[in-house]
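Next up, work20.cif (mmCIF, C-alpha atoms):
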data_upload
#
loop_
_atom_site.group_PDB
_atom_site.id
_atom_site.type_symbol
_atom_site.label_atom_id
_atom_site.label_comp_id
_atom_site.auth_asym_id
_atom_site.auth_seq_id
_atom_site.Cartn_x
_atom_site.Cartn_y
_atom_site.Cartn_z
ATOM 1 C CA MET B 1 0.000 0.000 0.000
ATOM 2 C CA ALA B 2 1.347 3.414 -0.943
ATOM 3 C CA LEU B 3 2.254 5.466 2.087
ATOM 4 C CA PRO B 4 2.829 9.161 2.696
ATOM 5 C CA HIS B 5 6.300 10.248 3.785
ATOM 6 C CA PHE B 6 7.818 13.439 5.059
ATOM 7 C CA GLU B 7 11.587 13.671 4.712
ATOM 8 C CA VAL B 8 14.460 16.077 4.809
ATOM 9 C CA ALA B 9 15.671 15.943 1.216
ATOM 10 C CA SER B 10 19.286 15.146 0.496
ATOM 11 C CA GLY B 11 21.282 17.555 -1.623
ATOM 12 C CA THR B 12 23.903 20.227 -1.274
ATOM 13 C CA ILE B 13 22.774 23.506 0.215
ATOM 14 C CA ASP B 14 25.207 25.995 -1.279
ATOM 15 C CA GLY B 15 23.176 28.654 -2.995
ATOM 16 C CA VAL B 16 23.740 26.946 -6.350
ATOM 17 C CA ASN B 17 22.385 23.390 -6.241
ATOM 18 C CA VAL B 18 18.747 22.900 -7.087
ATOM 19 C CA ILE B 19 18.648 19.090 -7.271
ATOM 20 C CA PHE B 20 17.352 17.243 -4.217
ATOM 21 C CA ASN B 21 16.337 13.687 -3.535
ATOM 22 C CA VAL B 22 14.099 11.750 -1.236
ATOM 23 C CA SER B 23 14.979 8.215 -0.220
ATOM 24 C CA MET B 24 12.649 6.344 -2.543
ATOM 25 C CA PRO B 25 10.598 6.753 -5.705
ATOM 26 C CA TYR B 26 7.483 8.869 -5.359
ATOM 27 C CA LYS B 27 4.143 8.863 -7.071
ATOM 28 C CA PRO B 28 4.022 11.735 -9.596
ATOM 29 C CA GLY B 29 1.832 14.611 -8.517
ATOM 30 C CA THR B 30 2.103 13.884 -4.797
ATOM 31 C CA THR B 31 5.080 15.981 -3.696
ATOM 32 C CA ALA B 32 4.920 19.081 -1.549
ATOM 33 C CA VAL B 33 8.128 20.953 -0.784
ATOM 34 C CA PHE B 34 8.799 22.935 2.373
ATOM 35 C CA LEU B 35 11.688 25.388 2.611
ATOM 36 C CA ASN B 36 12.551 26.173 6.211
ATOM 37 C CA GLY B 37 9.096 24.949 7.161
ATOM 38 C CA LEU B 38 7.343 27.144 4.639
ATOM 39 C CA LEU B 39 5.203 25.284 2.124
ATOM 40 C CA LEU B 40 6.138 26.378 -1.384
ATOM 41 C CA ARG B 41 3.778 26.453 -4.327
ATOM 42 C CA GLU B 42 4.844 24.218 -7.154
ATOM 43 C CA ASP B 43 3.757 26.577 -9.928
ATOM 44 C CA TYR B 44 5.361 29.688 -8.453
ATOM 45 C CA PRO B 45 8.795 31.028 -9.480
ATOM 46 C CA ASP B 46 10.230 29.674 -6.242
ATOM 47 C CA GLY B 47 8.429 26.358 -6.579
ATOM 48 C CA TRP B 48 9.719 22.980 -7.711
ATOM 49 C CA LEU B 49 9.561 20.366 -10.447
ATOM 50 C CA GLU B 50 9.057 16.650 -10.030
ATOM 51 C CA SER B 51 12.109 16.034 -12.186
ATOM 52 C CA ASP B 52 12.499 12.279 -11.715
ATOM 53 C CA PRO B 53 9.915 10.418 -9.643
ATOM 54 C CA VAL B 54 11.693 7.097 -10.222
ATOM 55 C CA THR B 55 14.878 8.217 -8.504
ATOM 56 C CA GLY B 56 13.059 10.427 -6.007
ATOM 57 C CA GLU B 57 14.457 13.618 -7.498
ATOM 58 C CA VAL B 58 12.888 17.049 -7.276
ATOM 59 C CA THR B 59 14.324 20.224 -8.744
ATOM 60 C CA LEU B 60 13.814 23.519 -6.988
ATOM 61 C CA LYS B 61 13.395 26.544 -9.231
ATOM 62 C CA GLU B 62 15.589 28.586 -6.904
ATOM 63 C CA PRO B 63 18.582 27.192 -5.021
ATOM 64 C CA PRO B 64 18.298 27.084 -1.239
ATOM 65 C CA ARG B 65 20.800 29.391 0.400
ATOM 66 C CA VAL B 66 23.342 29.317 3.147
ATOM 67 C CA THR B 67 22.917 32.223 5.500
ATOM 68 C CA LYS B 68 25.394 33.381 8.081
ATOM 69 C CA ILE B 69 23.415 31.563 10.723
ATOM 70 C CA THR B 70 22.252 28.305 9.253
ATOM 71 C CA PRO B 71 21.654 26.666 5.876
ATOM 72 C CA ASP B 72 18.180 26.330 4.441
ATOM 73 C CA VAL B 73 16.337 23.082 5.067
ATOM 74 C CA VAL B 74 14.415 21.357 2.293
ATOM 75 C CA GLN B 75 11.691 18.943 3.356
ATOM 76 C CA VAL B 76 9.544 16.974 0.977
ATOM 77 C CA PHE B 77 6.164 15.337 1.479
ATOM 78 C CA PHE B 78 5.409 12.562 -0.994
ATOM 79 C CA ILE B 79 3.590 9.300 -1.454
ATOM 80 C CA ASP B 80 5.690 6.292 -2.302
ATOM 81 C CA THR B 81 5.047 3.938 -5.194
ATOM 82 C CA SER B 82 4.177 0.794 -3.289
ATOM 83 C CA PRO B 83 1.305 -1.100 -4.897
ATOM 84 C CA ASP B 84 -2.104 0.008 -3.724
ATOM 85 C CA VAL B 85 -3.168 -3.538 -2.971
ATOM 86 C CA LEU B 86 -5.271 -2.521 -0.019
ATOM 87 C CA ASP B 87 -6.908 0.395 -1.719
ATOM 88 C CA ALA B 88 -10.579 0.154 -2.476
ATOM 89 C CA VAL B 89 -11.057 -1.111 -5.970
ATOM 90 C CA ILE B 90 -14.173 -0.857 -7.993
ATOM 91 C CA VAL B 91 -14.779 -4.246 -9.467
ATOM 92 C CA GLU B 92 -16.937 -3.652 -12.457
ATOM 93 C CA ARG B 93 -17.272 -7.236 -13.468
ATOM 94 C CA LEU B 94 -15.687 -10.204 -11.831
ATOM 95 C CA VAL B 95 -15.774 -13.543 -13.576
ATOM 96 C CA GLY B 96 -14.565 -16.606 -11.790
ATOM 97 C CA TYR B 97 -14.799 -18.540 -8.577
ATOM 98 C CA LEU B 98 -14.377 -17.311 -5.058
ATOM 99 C CA ARG B 99 -12.837 -19.893 -2.793
ATOM 100 C CA GLY B 100 -12.243 -19.339 0.878
ATOM 101 C CA VAL B 101 -13.090 -15.693 0.906
ATOM 102 C CA ASP B 102 -11.542 -13.877 3.837
ATOM 103 C CA VAL B 103 -10.910 -10.416 2.631
ATOM 104 C CA LEU B 104 -12.297 -8.928 -0.526
ATOM 105 C CA ASP B 105 -11.721 -5.269 -1.130
ATOM 106 C CA GLY B 106 -13.905 -4.023 -3.903
ATOM 107 C CA ARG B 107 -17.391 -3.021 -4.803
ATOM 108 C CA LEU B 108 -20.147 -5.436 -5.626
ATOM 109 C CA LEU B 109 -22.763 -4.196 -8.029
ATOM 110 C CA GLU B 110 -26.427 -4.856 -7.512
ATOM 111 C CA VAL B 111 -25.980 -7.506 -4.889
ATOM 112 C CA VAL B 112 -29.309 -7.985 -3.202
ATOM 113 C CA GLU B 113 -28.543 -10.873 -0.981
ATOM 114 C CA LEU B 114 -25.680 -13.247 -0.415
ATOM 115 C CA ARG B 115 -26.743 -16.242 1.585
ATOM 116 C CA GLY B 116 -25.655 -19.810 1.188
ATOM 117 C CA ALA B 117 -24.459 -21.237 -2.075
ATOM 118 C CA VAL B 118 -24.786 -18.730 -4.837
ATOM 119 C CA ASP B 119 -24.470 -19.620 -8.462
ATOM 120 C CA VAL B 120 -24.905 -16.322 -10.172
ATOM 121 C CA VAL B 121 -24.755 -12.899 -8.642
ATOM 122 C CA ASP B 122 -25.617 -9.794 -10.599
ATOM 123 C CA GLY B 123 -22.430 -7.986 -11.388
ATOM 124 C CA LEU B 124 -20.415 -10.953 -10.193
ATOM 125 C CA ASP B 125 -20.561 -13.710 -12.720
ATOM 126 C CA GLY B 126 -19.308 -16.946 -11.317
ATOM 127 C CA CYS B 127 -19.835 -19.342 -8.485
ATOM 128 C CA LEU B 128 -19.311 -19.172 -4.774
ATOM 129 C CA LEU B 129 -18.337 -22.675 -3.883
ATOM 130 C CA ASP B 130 -18.690 -24.269 -0.487
ATOM 131 C CA GLU B 131 -19.624 -20.979 1.046
ATOM 132 C CA PHE B 132 -22.599 -20.901 3.334
ATOM 133 C CA SER B 133 -21.780 -17.463 4.467
ATOM 134 C CA ILE B 134 -19.416 -14.718 3.500
ATOM 135 C CA HIS B 135 -17.174 -13.576 6.285
ATOM 136 C CA GLY B 136 -16.634 -9.902 5.959
ATOM 137 C CA GLU B 137 -18.509 -6.721 6.338
ATOM 138 C CA LEU B 138 -20.228 -4.393 4.003
ATOM 139 C CA GLU B 139 -19.462 -0.777 4.478
ATOM 140 C CA ALA B 140 -20.412 2.357 2.688
ATOM 141 C CA GLU B 141 -22.961 0.897 0.373
ATOM 142 C CA GLY B 142 -21.470 -2.236 -0.901
ATOM 143 C CA VAL B 143 -17.777 -2.312 -0.198
ATOM 144 C CA LEU B 144 -16.891 -5.822 0.852
ATOM 145 C CA HIS B 145 -13.582 -6.371 2.559
ATOM 146 C CA GLY B 146 -12.087 -9.685 1.743
ATOM 147 C CA ARG B 147 -9.279 -11.406 0.005
ATOM 148 C CA LEU B 148 -9.817 -12.737 -3.463
ATOM 149 C CA GLU B 149 -7.643 -15.781 -3.692
ATOM 150 C CA ALA B 150 -8.342 -16.978 -7.173
ATOM 151 C CA VAL B 151 -10.039 -15.646 -10.221
ATOM 152 C CA CYS B 152 -10.503 -17.940 -13.132
ATOM 153 C CA MET G 1 -7.861 3.640 1.545
ATOM 154 C CA SER G 2 -7.379 6.993 -0.143
ATOM 155 C CA GLN G 3 -4.117 8.898 -0.035
ATOM 156 C CA PRO G 4 -3.631 12.318 1.506
ATOM 157 C CA THR G 5 -3.038 15.063 -0.987
ATOM 158 C CA PHE G 6 -2.084 18.707 -1.285
ATOM 159 C CA ASP G 7 -4.203 20.905 -3.545
ATOM 160 C CA ILE G 8 -4.706 24.528 -4.436
ATOM 161 C CA PRO G 9 -8.344 25.231 -3.548
ATOM 162 C CA THR G 10 -10.654 27.130 -5.844
ATOM 163 C CA GLY G 11 -12.276 30.355 -4.698
ATOM 164 C CA ALA G 12 -11.670 34.064 -5.078
ATOM 165 C CA VAL G 13 -8.787 35.456 -3.041
ATOM 166 C CA ASN G 14 -9.906 39.044 -2.683
ATOM 167 C CA GLY G 15 -10.134 39.951 0.977
ATOM 168 C CA VAL G 16 -13.849 39.214 1.033
ATOM 169 C CA ASN G 17 -14.428 35.609 0.045
ATOM 170 C CA ARG G 18 -14.035 32.995 2.762
ATOM 171 C CA ILE G 19 -15.368 29.934 0.910
ATOM 172 C CA PHE G 20 -13.001 27.610 -0.890
ATOM 173 C CA TYR G 21 -13.321 24.214 -2.490
ATOM 174 C CA VAL G 22 -10.988 21.292 -3.017
ATOM 175 C CA PRO G 23 -11.472 19.079 -6.085
ATOM 176 C CA VAL G 24 -13.070 16.123 -4.296
ATOM 177 C CA ASP G 25 -14.912 15.429 -1.057
ATOM 178 C CA TYR G 26 -12.622 15.222 1.945
ATOM 179 C CA LYS G 27 -12.610 13.009 5.000
ATOM 180 C CA SER G 28 -13.864 14.870 8.040
ATOM 181 C CA GLY G 29 -11.056 16.094 10.268
ATOM 182 C CA SER G 30 -8.365 15.635 7.647
ATOM 183 C CA VAL G 31 -8.109 19.200 6.332
ATOM 184 C CA GLN G 32 -5.089 21.415 7.005
ATOM 185 C CA VAL G 33 -4.702 24.852 5.440
ATOM 186 C CA TRP G 34 -1.557 26.795 4.624
ATOM 187 C CA VAL G 35 -1.769 30.487 3.762
ATOM 188 C CA ASN G 36 1.302 31.881 2.086
ATOM 189 C CA GLY G 37 3.100 28.699 3.028
ATOM 190 C CA LEU G 38 2.315 28.939 6.720
ATOM 191 C CA LEU G 39 0.224 26.259 8.374
ATOM 192 C CA HIS G 40 -2.682 27.874 10.172
ATOM 193 C CA VAL G 41 -4.342 26.668 13.351
ATOM 194 C CA ARG G 42 -7.715 25.189 12.575
ATOM 195 C CA HIS G 43 -9.634 26.701 15.466
ATOM 196 C CA GLY G 44 -7.680 29.925 15.534
ATOM 197 C CA GLN G 45 -8.854 33.338 14.435
ATOM 198 C CA ASN G 46 -7.277 32.794 11.048
ATOM 199 C CA GLY G 47 -8.202 29.134 10.919
ATOM 200 C CA TRP G 48 -10.914 27.351 9.003
ATOM 201 C CA SER G 49 -14.025 25.222 9.341
ATOM 202 C CA GLU G 50 -14.758 22.035 7.454
ATOM 203 C CA MET G 51 -18.171 22.573 5.921
ATOM 204 C CA GLY G 52 -18.421 19.069 4.482
ATOM 205 C CA GLY G 53 -18.208 17.821 0.945
ATOM 206 C CA ARG G 54 -15.527 19.806 -0.835
ATOM 207 C CA LYS G 55 -16.192 23.037 1.041
ATOM 208 C CA ILE G 56 -13.915 24.879 3.468
ATOM 209 C CA GLN G 57 -14.694 28.165 5.151
ATOM 210 C CA MET G 58 -11.847 30.356 6.321
ATOM 211 C CA HIS G 59 -12.479 32.298 9.503
ATOM 212 C CA GLU G 60 -10.868 35.323 7.893
ATOM 213 C CA ALA G 61 -10.906 36.127 4.199
ATOM 214 C CA PRO G 62 -7.462 35.755 2.631
ATOM 215 C CA LYS G 63 -6.185 38.985 1.143
ATOM 216 C CA SER G 64 -5.527 39.569 -2.521
ATOM 217 C CA GLY G 65 -2.200 38.037 -3.409
ATOM 218 C CA ASP G 66 -2.344 35.412 -0.677
ATOM 219 C CA TYR G 67 -2.014 31.811 -1.775
ATOM 220 C CA LEU G 68 -3.727 28.895 -0.140
ATOM 221 C CA THR G 69 -2.760 25.262 -0.090
ATOM 222 C CA VAL G 70 -4.961 22.576 1.404
ATOM 223 C CA TYR G 71 -3.961 19.145 2.654
ATOM 224 C CA TYR G 72 -6.732 16.589 3.012
ATOM 225 C CA ILE G 73 -7.651 12.956 2.670
ATOM 226 C CA PRO G 74 -10.106 12.417 -0.164
ATOM 227 C CA ILE G 75 -13.151 10.238 0.194
ATOM 228 C CA VAL G 76 -13.059 7.596 -2.509
#
Take the structure in the file and write it out as structure tokens.
Amino acid sequence: MALPHFEVASGTIDGVNVIFNVSMPYKPGTTAVFLNGLLLREDYPDGWLESDPVTGEVTLKEPPRVTKITPDVVQVFFIDTSPDVLDAVIVERLVGYLRGVDVLDGRLLEVVELRGAVDVVDGLDGCLLDEFSIHGELEAEGVLHGRLEAVC
Amino acid sequence: MSQPTFDIPTGAVNGVNRIFYVPVDYKSGSVQVWVNGLLHVRHGQNGWSEMGGRKIQMHEAPKSGDYLTVYYIPIV
């Protein structure tokens, strides 16, 4: 599951360098850059570019400076690129068999009732085998948490 | 589970308007607002109220030239 991170970016603070990196790849469009705690705006002249999400690189439009007291600090918020396996998924049409359902994260369409052995379910074409009940819970109008072990 | 995000809210920044919108509905309690890069205190005089849906109401109208950034968790 993709996670948010907040890191001090690595890179030389010398009034010249504008290239900074976080420790892992980030999902494009998720970065937010703070300079000395101040949130910058990406599209402003002192903003940043997501120059290489794969290597975790961002490019500031203006180089952070070194003052007489202390160097600037660049912090970056981002979301990593881990697979969103636990994210809610809208299952438009699922064809196959559900065996040993524990956790199924998705949305069932037009399910009126699931009780006992079910051969055909609207929006879920297939068979539920050896299932006299479905262990899970429905939340927010039809989201069923479970694990889909096999689709055939 | 939806991911937190930063967005520039829509709404006039003119010293009068206090209503702003993010692109999608947010999870209650997840909103944070920065004005000119500074994180404001939600319940403070210059804070904000979550009005539900996509709507946020600032307690004080941002002045012309201010820029707002909103952090929130979208509702999928």
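Within 9 Å of chain G, and using all atoms listed in the file, the residues found on chain B are Met1, Ala2, Leu3, Pro4, Gly29, Thr30, Thr31, Ala32, Phe34, Gly37, Leu38, Leu39, Leu40, Arg41, Phe78, Ile79, Asp84, Leu86, Asp87 and Ala88 of chain B.
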Skip B:Glu7 itself and residues of its chain fewer than 6 positions away, then list as a ChimeraX atom specification all residues within 8 Å of it, counting all atoms listed in the file.
-> /B:22,75-77
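If you look at atom CA of G:Asn46 and atom CA of G:Glu60, they are 5.4 Å away from each other.
Here atom CA of B:Gly56 is placed at a distance of 28.9 Å from atom CA of B:Ile69.
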Result set, the PyMOL selection byres ((chain G and resi 55) around 9) on current file, as a PyMOL selection string = chain G and resi 19-22+25-26+49-54+56-57
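Put simply, atom CA of B:Val33 is 26.4 Å away from atom CA of G:Gly15.
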Ground truth for the PyMOL selection byres ((chain B and resi 48) around 9), written as a PyMOL selection string | chain B and resi 32-33+40-47+49-51+58-62
At a cut-off of 12 Å from (-11.0, 34.5, 10.6) in the coordinates of the file, what residues are picked up using all atoms listed in the file, written as a PyMOL selection string?
-> chain G and resi 15-19+40-49+57-63
Run through the PyMOL selection byres ((chain B and resi 54) around 10) on the given coordinates and return the selected residues as an MDAnalysis selection string.
-> chainID B and resid 24:28 50:53 55:57 80:81
Write out as JSON an axis-aligned box for stretch 35-49 of chain G: all of its atoms listed in the file, 3 Å added on each side, centre and edge lengths in Å with one decimal.
{"center_x": -5.5, "center_y": 29.3, "center_z": 8.8, "size_x": 23.1, "size_y": 14.1, "size_z": 19.4}
